[in-house]
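I have placed the structure first, in the form of C-alpha cells, so that the comments after it can refer back to it.
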Amino acid sequence: MCCETEDDVVFTTQEPDGFVFTNSILDNYVLAAGTSSNLGERFTWGNADFGTPTNVTYELQSSVSGDFTDANVVSSTTSNEIAMTIGQMMSVATEAGLDADPDSPAPNTGSFSVRLRAYPGDTGSGTEAFTDAVVINVELLESTGTGEGGIMPATWGVVGSGYNDWGNAGPDGQFYTTSTADVFVAYVTLIDGAIKFRENNDWASNLGDDGADGTLEDGGADINVTAGTYKITLDVAGGTYMMEDFSWGVVGSGYNDWGNAGPDAKFYYDYTTDTFKVGVRLIDGLIKFRQNNEWVTDFGDVGADGTLDAGGDDIPVTAGHYNITLDFNNGVYTIESADVWGVVGSAYNNWGGDGPDFALTQVQPDVYVGDIVTLMDGAMKFRPNNDWATDYGDVGADGTLDAGGDDIVVTAGLYRVKMDVANGTYELNKIQ
C-alpha cells in the first residue's frame, strides 16, 4: 500500500478575501515643505491569505490618474504597515500638477489614489491581489518663495577646480542672501585647488582676488584653497570676502566612537528653514553636536528637553536611521526617525559588505545631497536605510531614477551626489 509523502503535496495559491486597509483616512492632508520628513499617513492592513504557506510581499502604490495605469511604488514590505511621509505625498501631488507657488496658475489642492498590492513570495509574478483604491485629498501649503527670514538663493556662486572643475562638474556652489543687502553667504566643501566667485553660472561677471588680501577685483586672480568645509561671506558692495573653517557634525559613541572611528556626520544647510540637517545611521549610545570636528564648540542637551546647550549633557540615542535638524535661531534640535538614502555598490562599499552606505541628506522635500564621496571604478545604486527593500538604479543610463533599475557604472574619483525623488532624477558630478 502506498502513502502520500510530503513531496507529493502541491499548494495552489488563491486570491484572498477581505484584503483591505485598516487605518482611517483623513478628509484632507495639509502638506508643508518644512515637515517633509514627518509622517503623512501610516497605512495598515490584515494578512492577505493566498492559501499557501509562503511569505507575502505588500506594495503600496500611488496613482495620479486613479485607474493605476500610471501606478508608482511608494514602498514595499513583508509586514503589515507602510509609512508614507509628507515628502512622499508632496512628490505624488507634484506629479498630479499641484504646486505651492501662490503666483502659479497651478492649483495647490487636489487628490491622488493609493492601493495595496499583495503577492506570494518576492518575485511579483503569478497570483496577486489588490485592495480597493483610496482617494487622498491634499493641500500644498503655499510658499512665499523665500526661506526662513526671507532668505533666498543668490545669483552668485563658487566656481573653480576647488569646487566644480571650473563649471564642468555641476553648478556653482550656491550663495544665499542675508539680512544685509549685497552680502551673501555660502556653505561649501572644497578640495585642494582654486576658486572664484561668479554670477549666474556664467563668466560675464566674476570676482577674484589680486594679491590674496581678501579684497575682490572684477576678473581678478584665482583664489587658492585647501580641502575642507567652509563658510564664505561675500560682500559685493564692500568689495571683500571672508573664508572660515565651518562645519557642524554628529559625534559620539552613537556614531563614530567620539571621533576615533572617522569624521563626524556632516550637516548640510537648508535655506528654506535656515537650519542645518543631516541624514545619519546611529547605533545605541550617546551623541553631541560639535563644530569643525573638534572640541572647541559643542552642544548637548541639559534636561533632555530638545534645547541646544553649549557643552551640555550627552544625548542618548538608539540604533536606527534619523534626520537630525539643528535650529540655532531658536536654540533647539530634533531627531526624527526617517528613511536615509545612501550610495551602495562595488564602487563604494562592496555592496554593503565593507561598511554602511554613503548617507545622503534631505535638504528640501525629496531632494537628497551628499558630498564629497570617493568612488572606485565599479557600479552603484541608491537605497534607503542600508537595506534592499527598495532601491533605485538607472535603466538606459539617462540620469533617471528607476525602481530596481540597472546598476550605475562609475569611474574612480571624487563626486558630489544629488538625488531628486520628486522629479525622478539624479546627478553624479565628478569634481576630480
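In the C-alpha cells, the first chain shown is A, the next is B, and so on; residue numbers restart at 1 for each chain, and ligands run from 1 in the order shown.
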Using only C-alpha atoms, what does the table of range 256-288 of chain A residues within 12 Å of range 364-381 of chain A look like, with each row giving the shortest atom pair and its distance in Å to one decimal, sorted by chain and ascending number, as a tab-separated table?
residue	atom	partner	partner_atom	distance
A:Ala265	CA	A:Gly370	CA	11.0
A:Lys266	CA	A:Gly370	CA	9.3
A:Phe267	CA	A:Gly370	CA	9.9
A:Tyr268	CA	A:Val369	CA	8.4
A:Tyr269	CA	A:Gln364	CA	9.9
A:Asp270	CA	A:Gln364	CA	7.0
A:Tyr271	CA	A:Gln364	CA	9.0
A:Thr272	CA	A:Gln364	CA	7.7
A:Thr273	CA	A:Gln364	CA	9.3
A:Asp274	CA	A:Gln364	CA	11.5
A:Thr275	CA	A:Gln364	CA	11.2
A:Phe276	CA	A:Gln364	CA	11.3
A:Lys277	CA	A:Gln364	CA	9.9
A:Val278	CA	A:Gly370	CA	9.7
A:Gly279	CA	A:Tyr368	CA	9.1
A:Val280	CA	A:Gly370	CA	11.5
Let's have the selection written as a CSV table (one decimal), in the first residue's frame, with C-alpha atoms.
chain,number,residue,atom,x,y,z
A,265,ALA,CA,28.4,63.1,10.3
A,266,LYS,CA,28.3,66.4,8.4
A,267,PHE,CA,25.3,68.7,8.5
A,268,TYR,CA,24.0,70.5,5.3
A,269,TYR,CA,22.4,73.9,5.2
A,270,ASP,CA,18.7,74.2,4.3
A,271,TYR,CA,17.9,77.8,3.4
A,272,THR,CA,14.1,77.2,3.4
A,273,THR,CA,14.2,76.7,7.2
A,274,ASP,CA,17.6,78.4,7.9
A,275,THR,CA,18.7,75.2,9.7
A,276,PHE,CA,21.3,72.6,9.3
A,277,LYS,CA,20.3,69.0,8.6
A,278,VAL,CA,21.9,65.5,8.4
A,279,GLY,CA,20.6,62.1,7.5
A,280,VAL,CA,22.5,59.5,9.6
TODO: Apply DSSP to the backbone of this structure and, from range 69-282 of chain A, keep only the residues in helix (DSSP H, G or I); write these as a PyMOL selection string.
DONE: chain A and resi 86-95+148-150+165-167+257-259
Task: Nearest to Asn429 in chain A by atom-to-atom distance, counting only C-alpha atoms, from A:Ser24, A:Thr411, A:Ser111, A:Ser63 - done: A:Thr411
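When only C-alpha atoms are used to compute distances to Thr155 in chain A, the closest of the residues A:Val134, A:Ile25, A:Leu141, A:Val183 turns out to be A:Val183.
Distances here use only C-alpha atoms; by that measure, the residue among A:Leu98, A:Leu286, A:Leu428, A:Ala347 closest to Tyr415 in chain A is A:Leu428.
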TODO: Quick one: everything within 7 Å of Gly312 in chain A, counting only C-alpha atoms, minus sequence neighbours fewer than 5 positions away in the same chain. Send it as a PyMOL selection string.
DONE: chain A and resi 299-302
TODO: Give the answer as one residue: which of A:Lys196, A:Lys231, A:Arg281, A:Arg117 has the shortest atom-to-atom distance to Val251 in chain A, using only C-alpha atoms?
DONE: A:Arg281
TODO: For Thr226 in chain A, work out the shell of residues within 10 Å, counting only C-alpha atoms and skipping chain neighbours fewer than 5 positions away, then give it as a VMD selection string.
DONE: chain A and resid 162 190 to 194
Task: Close residues, Ile408 in chain A itself excluded, 12 Å, only C-alpha atoms, min 3 positions apart in chain, as a VMD selection string - done: chain A and resid 343 to 348 375 377 to 382 391 to 402 404 to 405 411 426 to 428
Store the residues picked out above, limited to N, CA and C atoms, as a JSON list (two decimals), in the first residue's frame.
[["chain", "number", "residue", "atom", "x", "y", "z"],
["A", 343, "VAL", "N", 24.37, 55.75, -0.98],
["A", 343, "VAL", "CA", 25.05, 55.17, -2.13],
["A", 343, "VAL", "C", 25.65, 53.83, -1.72],
["A", 344, "VAL", "N", 25.34, 52.79, -2.48],
["A", 344, "VAL", "CA", 25.86, 51.45, -2.22],
["A", 344, "VAL", "C", 26.40, 50.87, -3.52],
["A", 345, "GLY", "N", 27.40, 50.00, -3.44],
["A", 345, "GLY", "CA", 27.88, 49.38, -4.67],
["A", 345, "GLY", "C", 29.30, 48.90, -4.58],
["A", 346, "SER", "N", 29.76, 48.26, -5.64],
["A", 346, "SER", "CA", 31.16, 47.85, -5.73],
["A", 346, "SER", "C", 32.05, 49.08, -5.80],
["A", 347, "ALA", "N", 31.48, 50.21, -6.23],
["A", 347, "ALA", "CA", 32.24, 51.45, -6.33],
["A", 347, "ALA", "C", 32.44, 52.14, -4.99],
["A", 348, "TYR", "N", 31.71, 51.68, -3.96],
["A", 348, "TYR", "CA", 31.84, 52.35, -2.66],
["A", 348, "TYR", "C", 32.13, 51.41, -1.50],
["A", 375, "LEU", "N", 34.56, 57.46, -4.89],
["A", 375, "LEU", "CA", 34.12, 56.24, -5.55],
["A", 375, "LEU", "C", 35.28, 55.59, -6.29],
["A", 377, "ASP", "N", 36.36, 52.60, -9.46],
["A", 377, "ASP", "CA", 35.82, 52.03, -10.70],
["A", 377, "ASP", "C", 34.86, 50.90, -10.32],
["A", 378, "GLY", "N", 33.63, 50.97, -10.80],
["A", 378, "GLY", "CA", 32.67, 49.94, -10.46],
["A", 378, "GLY", "C", 31.25, 50.39, -10.74],
["A", 379, "ALA", "N", 30.32, 49.91, -9.91],
["A", 379, "ALA", "CA", 28.91, 50.22, -10.10],
["A", 379, "ALA", "C", 28.28, 50.57, -8.77],
["A", 380, "MET", "N", 27.15, 51.27, -8.83],
["A", 380, "MET", "CA", 26.47, 51.71, -7.61],
["A", 380, "MET", "C", 24.97, 51.81, -7.86],
["A", 381, "LYS", "N", 24.22, 51.91, -6.75],
["A", 381, "LYS", "CA", 22.79, 52.18, -6.78],
["A", 381, "LYS", "C", 22.46, 53.05, -5.57],
["A", 382, "PHE", "N", 21.21, 53.47, -5.48],
["A", 382, "PHE", "CA", 20.72, 54.19, -4.31],
["A", 382, "PHE", "C", 19.73, 53.30, -3.56],
["A", 391, "ASP", "N", 15.20, 50.09, -3.91],
["A", 391, "ASP", "CA", 16.44, 50.66, -4.44],
["A", 391, "ASP", "C", 16.16, 51.31, -5.79],
["A", 392, "TYR", "N", 17.04, 52.23, -6.17],
["A", 392, "TYR", "CA", 16.96, 52.89, -7.47],
["A", 392, "TYR", "C", 18.25, 52.64, -8.24],
["A", 393, "GLY", "N", 18.07, 52.29, -9.51],
["A", 393, "GLY", "CA", 19.17, 52.25, -10.45],
["A", 393, "GLY", "C", 18.80, 53.14, -11.63],
["A", 394, "ASP", "N", 19.37, 52.83, -12.79],
["A", 394, "ASP", "CA", 19.12, 53.67, -13.97],
["A", 394, "ASP", "C", 19.09, 52.79, -15.21],
["A", 395, "VAL", "N", 17.90, 52.54, -15.73],
["A", 395, "VAL", "CA", 17.75, 51.80, -16.97],
["A", 395, "VAL", "C", 18.02, 52.75, -18.13],
["A", 396, "GLY", "N", 19.07, 52.45, -18.89],
["A", 396, "GLY", "CA", 19.39, 53.30, -20.04],
["A", 396, "GLY", "C", 20.44, 54.34, -19.79],
["A", 397, "ALA", "N", 20.91, 54.43, -18.54],
["A", 397, "ALA", "CA", 21.98, 55.38, -18.20],
["A", 397, "ALA", "C", 21.66, 56.79, -18.68],
["A", 398, "ASP", "N", 20.41, 57.23, -18.42],
["A", 398, "ASP", "CA", 19.98, 58.54, -18.90],
["A", 398, "ASP", "C", 19.76, 59.54, -17.78],
["A", 399, "GLY", "N", 20.21, 59.19, -16.56],
["A", 399, "GLY", "CA", 20.08, 60.12, -15.45],
["A", 399, "GLY", "C", 18.74, 60.09, -14.76],
["A", 400, "THR", "N", 17.89, 59.12, -15.10],
["A", 400, "THR", "CA", 16.60, 58.99, -14.42],
["A", 400, "THR", "C", 16.67, 57.87, -13.39],
["A", 401, "LEU", "N", 15.90, 58.01, -12.32],
["A", 401, "LEU", "CA", 15.84, 57.00, -11.27],
["A", 401, "LEU", "C", 14.79, 55.97, -11.62],
["A", 402, "ASP", "N", 15.20, 54.70, -11.65],
["A", 402, "ASP", "CA", 14.27, 53.62, -11.96],
["A", 402, "ASP", "C", 14.27, 52.63, -10.81],
["A", 404, "GLY", "N", 14.50, 49.58, -8.79],
["A", 404, "GLY", "CA", 15.11, 48.29, -9.10],
["A", 404, "GLY", "C", 15.89, 48.27, -10.39],
["A", 405, "GLY", "N", 16.22, 49.46, -10.92],
["A", 405, "GLY", "CA", 16.86, 49.57, -12.23],
["A", 405, "GLY", "C", 18.29, 49.06, -12.27],
["A", 411, "THR", "N", 33.36, 55.75, -12.76],
["A", 411, "THR", "CA", 34.82, 55.66, -12.73],
["A", 411, "THR", "C", 35.35, 56.29, -11.45],
["A", 426, "TYR", "N", 18.80, 62.04, -10.91],
["A", 426, "TYR", "CA", 19.96, 62.09, -10.02],
["A", 426, "TYR", "C", 21.13, 62.73, -10.76],
["A", 427, "GLU", "N", 22.10, 63.21, -9.99],
["A", 427, "GLU", "CA", 23.32, 63.78, -10.56],
["A", 427, "GLU", "C", 24.53, 63.20, -9.86],
["A", 428, "LEU", "N", 25.53, 62.82, -10.61],
["A", 428, "LEU", "CA", 26.82, 62.41, -10.10],
["A", 428, "LEU", "C", 27.85, 63.34, -10.72]]
Open item on the list: So, with only C-alpha atoms as the atoms that count, which of A:Gly150, A:Gly285, A:Gly87, A:Gly157 lies closest to Asp339 in chain A?
Closed with: A:Gly87
- [ ] Please report, as JSON, numbers by chain, each residue of range 139-256 of chain A to which DSSP assigns strand (DSSP E) when run on this structure's backbone.
- [x] {"A": [139, 140, 153, 154, 155, 156, 157, 158, 159, 160, 173, 174, 175, 176, 177, 183, 184, 185, 186, 187, 188, 189, 190, 193, 194, 195, 196, 197, 198, 199, 202, 203, 204, 205, 206, 207, 208, 217, 218, 223, 224, 225, 228, 229, 230, 231, 232, 233, 234, 235, 240, 241, 242, 243, 244, 245, 248, 249, 250, 251]}
Task: Which of A:Asn201, A:Asn423, A:Thr180, A:Asn293 sits closest to Thr233 in chain A [using only C-alpha atoms] - done: A:Thr180
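Atom to atom, CA of Gly110 in chain A and CA of Asp67 in chain A stand 16.0 Å apart.
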Within 12 Å of Ala204 in chain A, counting only C-alpha atoms, which residues show up once you throw out same-chain ones fewer than 6 positions away? Write them as an mmCIF file with N, CA, C and O atoms, in the first residue's frame, please.
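Written out: around-v8.cif:
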data_model
loop_
_atom_site.group_PDB
_atom_site.id
_atom_site.type_symbol
_atom_site.label_atom_id
_atom_site.label_comp_id
_atom_site.auth_asym_id
_atom_site.auth_seq_id
_atom_site.Cartn_x
_atom_site.Cartn_y
_atom_site.Cartn_z
ATOM 1 N N TRP A 156 24.890 84.661 -7.091
ATOM 2 C CA TRP A 156 26.319 84.397 -7.036
ATOM 3 C C TRP A 156 26.611 82.959 -6.639
ATOM 4 O O TRP A 156 25.822 82.320 -5.934
ATOM 5 N N PHE A 197 34.449 83.712 -7.695
ATOM 6 C CA PHE A 197 33.016 83.921 -7.491
ATOM 7 C C PHE A 197 32.445 84.506 -8.775
ATOM 8 O O PHE A 197 32.982 85.484 -9.321
ATOM 9 N N ARG A 198 31.359 83.898 -9.273
ATOM 10 C CA ARG A 198 30.757 84.418 -10.498
ATOM 11 C C ARG A 198 29.245 84.410 -10.363
ATOM 12 O O ARG A 198 28.664 83.723 -9.530
ATOM 13 N N ASP A 218 37.162 92.739 -10.108
ATOM 14 C CA ASP A 218 36.493 92.203 -11.294
ATOM 15 C C ASP A 218 37.503 91.444 -12.140
ATOM 16 O O ASP A 218 38.556 91.990 -12.518
ATOM 17 N N GLY A 219 37.175 90.168 -12.421
ATOM 18 C CA GLY A 219 38.073 89.349 -13.215
ATOM 19 C C GLY A 219 39.402 89.102 -12.550
ATOM 20 O O GLY A 219 40.382 88.760 -13.229
#
Identify, on the basis of only C-alpha atoms, every residue whose closest approach to Thr390 in chain A does not exceed 9 Å; exclude the query and any residue fewer than 2 positions from it along the same chain; express the result as an mmCIF file with all heavy atoms, in the first residue's frame.
data_model
loop_
_atom_site.group_PDB
_atom_site.id
_atom_site.type_symbol
_atom_site.label_atom_id
_atom_site.label_comp_id
_atom_site.auth_asym_id
_atom_site.auth_seq_id
_atom_site.Cartn_x
_atom_site.Cartn_y
_atom_site.Cartn_z
ATOM 1 N N SER A 75 6.414 52.149 -1.565
ATOM 2 C CA SER A 75 7.302 51.321 -0.760
ATOM 3 C C SER A 75 6.741 49.908 -0.734
ATOM 4 O O SER A 75 5.583 49.677 -1.079
ATOM 5 C CB SER A 75 7.428 51.873 0.661
ATOM 6 O OG SER A 75 8.410 51.160 1.401
ATOM 7 N N SER A 76 7.567 48.942 -0.327
ATOM 8 C CA SER A 76 7.104 47.564 -0.200
ATOM 9 C C SER A 76 7.622 46.979 1.101
ATOM 10 O O SER A 76 8.601 47.465 1.686
ATOM 11 C CB SER A 76 7.576 46.717 -1.385
ATOM 12 O OG SER A 76 8.995 46.693 -1.452
ATOM 13 N N PHE A 382 21.213 53.467 -5.475
ATOM 14 C CA PHE A 382 20.722 54.194 -4.308
ATOM 15 C C PHE A 382 19.734 53.303 -3.559
ATOM 16 O O PHE A 382 18.875 52.663 -4.177
ATOM 17 C CB PHE A 382 20.012 55.488 -4.725
ATOM 18 C CG PHE A 382 20.868 56.444 -5.510
ATOM 19 C CD1 PHE A 382 20.732 56.541 -6.894
ATOM 20 C CD2 PHE A 382 21.792 57.250 -4.874
ATOM 21 C CE1 PHE A 382 21.509 57.429 -7.620
ATOM 22 C CE2 PHE A 382 22.573 58.142 -5.600
ATOM 23 C CZ PHE A 382 22.433 58.227 -6.969
ATOM 24 N N ARG A 383 19.838 53.268 -2.228
ATOM 25 C CA ARG A 383 18.869 52.517 -1.428
ATOM 26 C C ARG A 383 18.703 53.199 -0.072
ATOM 27 O O ARG A 383 19.606 53.898 0.388
ATOM 28 C CB ARG A 383 19.297 51.057 -1.245
ATOM 29 C CG ARG A 383 20.568 50.880 -0.423
ATOM 30 C CD ARG A 383 20.886 49.409 -0.184
ATOM 31 N NE ARG A 383 22.074 49.274 0.668
ATOM 32 C CZ ARG A 383 22.526 48.105 1.148
ATOM 33 N NH1 ARG A 383 21.902 46.976 0.848
ATOM 34 N NH2 ARG A 383 23.599 48.074 1.916
ATOM 35 N N PRO A 384 17.545 53.002 0.581
ATOM 36 C CA PRO A 384 17.336 53.613 1.888
ATOM 37 C C PRO A 384 17.700 52.663 3.027
ATOM 38 O O PRO A 384 17.522 51.445 2.926
ATOM 39 C CB PRO A 384 15.832 53.904 1.896
ATOM 40 C CG PRO A 384 15.253 52.792 1.075
ATOM 41 C CD PRO A 384 16.295 52.427 0.040
ATOM 42 N N ASP A 387 19.422 48.926 3.217
ATOM 43 C CA ASP A 387 18.589 47.740 3.052
ATOM 44 C C ASP A 387 18.078 47.680 1.611
ATOM 45 O O ASP A 387 17.900 48.714 0.959
ATOM 46 C CB ASP A 387 17.418 47.797 4.033
ATOM 47 C CG ASP A 387 16.577 46.544 4.007
ATOM 48 O OD1 ASP A 387 16.972 45.568 4.659
ATOM 49 O OD2 ASP A 387 15.519 46.543 3.349
ATOM 50 N N TRP A 388 17.817 46.455 1.142
ATOM 51 C CA TRP A 388 17.424 46.263 -0.250
ATOM 52 C C TRP A 388 15.917 46.205 -0.451
ATOM 53 O O TRP A 388 15.448 45.798 -1.518
ATOM 54 C CB TRP A 388 18.072 44.996 -0.810
ATOM 55 C CG TRP A 388 19.529 45.159 -1.078
ATOM 56 C CD1 TRP A 388 20.560 44.586 -0.397
ATOM 57 C CD2 TRP A 388 20.133 45.970 -2.089
ATOM 58 N NE1 TRP A 388 21.771 44.982 -0.922
ATOM 59 C CE2 TRP A 388 21.545 45.835 -1.958
ATOM 60 C CE3 TRP A 388 19.635 46.804 -3.096
ATOM 61 C CZ2 TRP A 388 22.438 46.486 -2.789
ATOM 62 C CZ3 TRP A 388 20.533 47.464 -3.928
ATOM 63 C CH2 TRP A 388 21.917 47.308 -3.774
ATOM 64 N N TYR A 392 17.042 52.231 -6.167
ATOM 65 C CA TYR A 392 16.963 52.889 -7.467
ATOM 66 C C TYR A 392 18.251 52.642 -8.240
ATOM 67 O O TYR A 392 19.350 52.770 -7.705
ATOM 68 C CB TYR A 392 16.779 54.406 -7.316
ATOM 69 C CG TYR A 392 15.398 54.844 -6.897
ATOM 70 C CD1 TYR A 392 15.194 55.500 -5.689
ATOM 71 C CD2 TYR A 392 14.297 54.624 -7.718
ATOM 72 C CE1 TYR A 392 13.924 55.917 -5.308
ATOM 73 C CE2 TYR A 392 13.026 55.040 -7.347
ATOM 74 C CZ TYR A 392 12.848 55.683 -6.137
ATOM 75 O OH TYR A 392 11.597 56.086 -5.771
ATOM 76 N N ALA A 403 13.084 52.372 -10.250
ATOM 77 C CA ALA A 403 12.981 51.441 -9.130
ATOM 78 C C ALA A 403 13.511 50.078 -9.537
ATOM 79 O O ALA A 403 13.068 49.493 -10.535
ATOM 80 C CB ALA A 403 11.531 51.329 -8.667
ATOM 81 N N GLY A 404 14.501 49.576 -8.786
ATOM 82 C CA GLY A 404 15.105 48.291 -9.096
ATOM 83 C C GLY A 404 15.886 48.272 -10.391
ATOM 84 O O GLY A 404 16.201 47.206 -10.919
#
- [ ] Kindly give the distance, in Å, that separates CA of Gly424 in chain A and CA of Pro107 in chain A, rounded to a single decimal.
- [x] 21.6 Å
